[in-house]
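Encoded as structure tokens, the structure appears first; notes follow it.
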Amino acid sequence: MSSLLLYLLLNLPLLLFLSPILASPSELDILMAIKYSLDPQNRFLTSWTPHADPCSGAFEGVACNEQGHVANISLQGKGLSGSLPAAVGELKNLTGLYLHFNALSGTIPKEIANLSSLNDLYLNVNNLYGDIPREIGNMSNLQVLQLCYNKFTGSIPTELGNLERLNVLALQYNQLSGAIPASLGQLQSLTRLDLSFNNLFGPIPVRLADALKLESLDIQNNSLSGNVPAGLRRLQGGFRYINNPGLCGIEFTNLVACKSLFDPSKPEPFEPDNFSTKGLPASVEPKDEKCSDESHCKNSWQYSKMALVFGVIGIIVASTVSGLSMFVWYRRQKQKIGGTIDASDRHISRKNAAPLISLEYSNGWDPLAKGRNTYSQEILESFMFNLEEVERATQCFSEVNLLGKNNLSGIYRGILRDGSVVVVKCINNTSCKSDETEFLKGLKILTSLKHENLVRLRGFCCSKGRGECFLVYDFAPNGSLSQYLDLKKGDTKILEWSTRVSIIHGIARGISYLHGKRGRKQALVHQNISAGNVLLDAHYNSLLADSGLLKLLADDVVFSTLKASAAMGYLAPEYTTTGCVTLKSDIYAFGVLVFQLLTGKSDVTQLYHYRAEASGYNDMVDVNLEGRFSESEAAKLGNIALLCTHESPHERPSMDHVMQELSEK
């Protein structure tokens, strides 16, 4: 026997013990396995290579902690179309996993519960399906669980009630069924619970009102029934429950008073999914030991005539309750053990990593918070978007959807769930009025503007987590008027004469509406009329953008906007001496636009005024039209533009007078 063989035989137990340790994969190996599962065609994670250090910044969306371990994966809105692998559970130091706004399919592997340090799990807006793993209830440090806008089926695991640190649970827009677990009432850190647009049935557990920090509960569009717990009244506008025809309750808007405390044909389940009532008579219900209101508690046993006839059922029930008691004892013991785990502070290095999003539980600016103002409820009813809708529409503000960016805002193209195309204007809260009441007054003005020649505001969203306000407008497919100025001969974008005249008429109608004509009671100065803020729809109808927007903004931001407007020649000259903008300031800007459409040039200087006064308007008309225009119309429009841009505001016509001039043949 060779010495090598003898050595192997003598050390075989040690080698067998060490082999799993020696073969354990590195974080690089784990990340590569995750890559091949998330992006099987290697289209989006090309920076993830086996020859690079994940903590060097080379891996897109990967961030490490100070110990050099992977702590965050941020791949939201990347177009990933694979599945979530079990290997993700091997990243023991992971605190944030952000895979929302992709096209992932498949199920959530139960191994994800091995991520004991995870704070944030964002898997929303994908195509995931199957059951929500019960094992998630063991993730003791979880604070945000976002699984909405997927295709999950089955019931809500009662084990989620073990997540003592959970702030947000979002399960809306799935295909979940069964009852709402009463265990969710144990979540003393929970601030938002969204279960809307599912197939949930049964009553709302009384214990849900025990979640003392709960501010928002959305159960809309389910099949829930029974008495709404009185304790939920404290949520006021944060409680949304429409489209559950079976609900009843006192002092809840649009709900009728309940005829009886419970419907024997629809008993309240106790810990759904772990206790099955199948085979039990409908009149038999276990007692909810934690019921806080005795008037809502049921007797521990209610025997019907059927129960008396079929006495054998009593034996079955007794056995079931015995097993249930053991389960409840075990679950409580498990909670006590899990509750002793505390999350340690972690320092994350985010060098070159994708931005990490913590949307749900950060503090700060929140102008629409309950109780802060008198406008919130009115505005929320018809114009409020939630952040998930805005992020989903823009693919989490993906750069591929970025239309433009300036010091004030970023503008993104988006698609809503109904398929309509929109523009999302993102404004940082530092650019908005600091007085929230004044901000809301401005927002109210924006929502009141409705005219065929104004860009329609679809809605808005204010995110205290992101520190931004988002305005959602209809998309204008033909862009802004500025794209049609300063074109070279033969350019396909050159506007025909009739189109230019139509655009001028549309701008005038929009300004007239803002100035208190055609339906508006109070006059509103636009203040920022320019070619960039005149948009063209699919039929080249003109739409004024940013109407009323400056009412939202801080004074220094408005001042910067006006400076830019002056530099481009749209701001009336009297502003330099008075510092004021008036209705006549808008008239001046309109006159500049008319000159721009006549000439096809963006630079409209006093030279054009001189040429108009000296030799008429024919020489001013855009040479790219090659003479295809109406001389009489050009003369009329030139005269209007000249009057509107008069040095003295008193000599400028009102928009009402301009409308009359334009309508004359």
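Chain labels A, B, ... are given in the sequence in which chains occur in the structure tokens; within each chain residues are numbered consecutively from 1, and ligands are likewise numbered from 1 in the order shown.
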| query | Neighbours of Gln527 (chain A) within 9 Å (only C-alpha atoms; same-chain residues fewer than 5 positions away dropped), as number ranges by chain? | reply | A: 547-548, 550, 562, 565, 571, 581-583, 585-586, 589
| For Thr447 (chain A): contacts at 10 Å, only C-alpha atoms, fewer than 3 positions along chain excluded, given as an NGL selection string | :A and (379 or 382-383 or 442-444 or 450 or 456-460 or 548)
Would you save the residues of that selection, restricted to C-alpha atoms, as a PDB file, in the first residue's frame?
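This went into selection24.pdb:
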ATOM      1  CA  ILE A 379     -57.267  66.394  -4.760  1.00  0.00           C
ATOM      2  CA  SER A 382     -59.350  62.159  -8.713  1.00  0.00           C
ATOM      3  CA  PHE A 383     -55.718  63.004  -9.398  1.00  0.00           C
ATOM      4  CA  GLY A 442     -50.598  75.677  -6.526  1.00  0.00           C
ATOM      5  CA  LEU A 443     -51.381  72.019  -7.014  1.00  0.00           C
ATOM      6  CA  LYS A 444     -55.080  72.769  -6.817  1.00  0.00           C
ATOM      7  CA  LYS A 450     -58.916  71.935 -18.375  1.00  0.00           C
ATOM      8  CA  ARG A 456     -53.780  67.689 -19.786  1.00  0.00           C
ATOM      9  CA  LEU A 457     -52.586  66.866 -16.284  1.00  0.00           C
ATOM     10  CA  ARG A 458     -53.431  63.211 -15.654  1.00  0.00           C
ATOM     11  CA  GLY A 459     -52.339  63.192 -12.041  1.00  0.00           C
ATOM     12  CA  PHE A 460     -49.519  63.657  -9.596  1.00  0.00           C
ATOM     13  CA  GLY A 548     -49.646  77.085 -13.581  1.00  0.00           C
TER      14      GLY A 548
END
| request: For Tyr36 (chain A), list every protein, DNA or RNA residue within 12 Å, evaluated using only C-alpha atoms, and leave out those in the same chain fewer than 5 positions away; present the list as a PyMOL selection string. | output: chain A and resi 29-31+41-46+48-50+80-85+87-88
Resulting file, chosen residues, C-alpha atoms, as an mmCIF file, in the first residue's frame:
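Saved to again_6.cif:
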data_model
loop_
_atom_site.group_PDB
_atom_site.id
_atom_site.type_symbol
_atom_site.label_atom_id
_atom_site.label_comp_id
_atom_site.auth_asym_id
_atom_site.auth_seq_id
_atom_site.Cartn_x
_atom_site.Cartn_y
_atom_site.Cartn_z
ATOM 1 C CA ASP A 29 -19.590 32.195 -8.011
ATOM 2 C CA ILE A 30 -22.964 32.948 -6.428
ATOM 3 C CA LEU A 31 -23.330 36.193 -8.386
ATOM 4 C CA GLN A 41 -29.189 35.547 -22.716
ATOM 5 C CA ASN A 42 -26.531 37.846 -21.225
ATOM 6 C CA ARG A 43 -28.168 40.950 -22.654
ATOM 7 C CA PHE A 44 -28.210 43.250 -19.640
ATOM 8 C CA LEU A 45 -25.679 42.039 -17.069
ATOM 9 C CA THR A 46 -22.668 42.016 -19.371
ATOM 10 C CA TRP A 48 -20.918 40.689 -14.473
ATOM 11 C CA THR A 49 -17.911 38.585 -15.480
ATOM 12 C CA PRO A 50 -16.059 35.802 -13.635
ATOM 13 C CA LEU A 80 -34.409 41.082 -16.911
ATOM 14 C CA SER A 81 -36.576 38.197 -18.117
ATOM 15 C CA GLY A 82 -35.211 35.135 -16.313
ATOM 16 C CA SER A 83 -36.103 33.778 -12.888
ATOM 17 C CA LEU A 84 -34.987 34.238 -9.297
ATOM 18 C CA PRO A 85 -32.586 31.406 -8.386
ATOM 19 C CA ALA A 87 -28.543 30.710 -5.102
ATOM 20 C CA VAL A 88 -29.568 34.200 -3.979
#
| request: Just the residues within 12 Å of Arg233 (chain A), please, counting only C-alpha atoms, with nothing from its chain fewer than 4 positions along; format it as a list in words. | output: Leu208, Ala209, Leu214, Glu215, Ser216, Leu217, Val228, Pro229, Gly237, Gly238, Phe239, Arg240, Tyr241, Gly249, Ile250, Glu251, Phe252 and Thr253 of chain A
Can you tell me which residues surround Asn227 (chain A) at a distance of at most 7 Å, considering only C-alpha atoms, apart from same-chain residues fewer than 5 positions away, and format the answer as a PDB file with C-alpha atoms, in the first residue's frame?
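Heads up, here's the output in out35.pdb:
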ATOM      1  CA  PRO A 203     -64.253  39.414   7.144  1.00  0.00           C
ATOM      2  CA  LEU A 247     -68.740  44.899   3.915  1.00  0.00           C
ATOM      3  CA  CYS A 248     -70.849  46.772   6.443  1.00  0.00           C
ATOM      4  CA  GLY A 249     -70.123  49.025   9.402  1.00  0.00           C
ATOM      5  CA  CYS A 258     -74.605  45.525   9.724  1.00  0.00           C
ATOM      6  CA  LEU A 261     -72.649  40.690  14.012  1.00  0.00           C
TER       7      LEU A 261
END
| task | Have a look at CA of Glu438 (chain A) and CA of Ala554 (chain A) and let me know their distance in Å, one decimal. | result |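 Atom-to-atom, CA of Glu438 (chain A) and CA of Ala554 (chain A) are spaced 10.0 Å apart.
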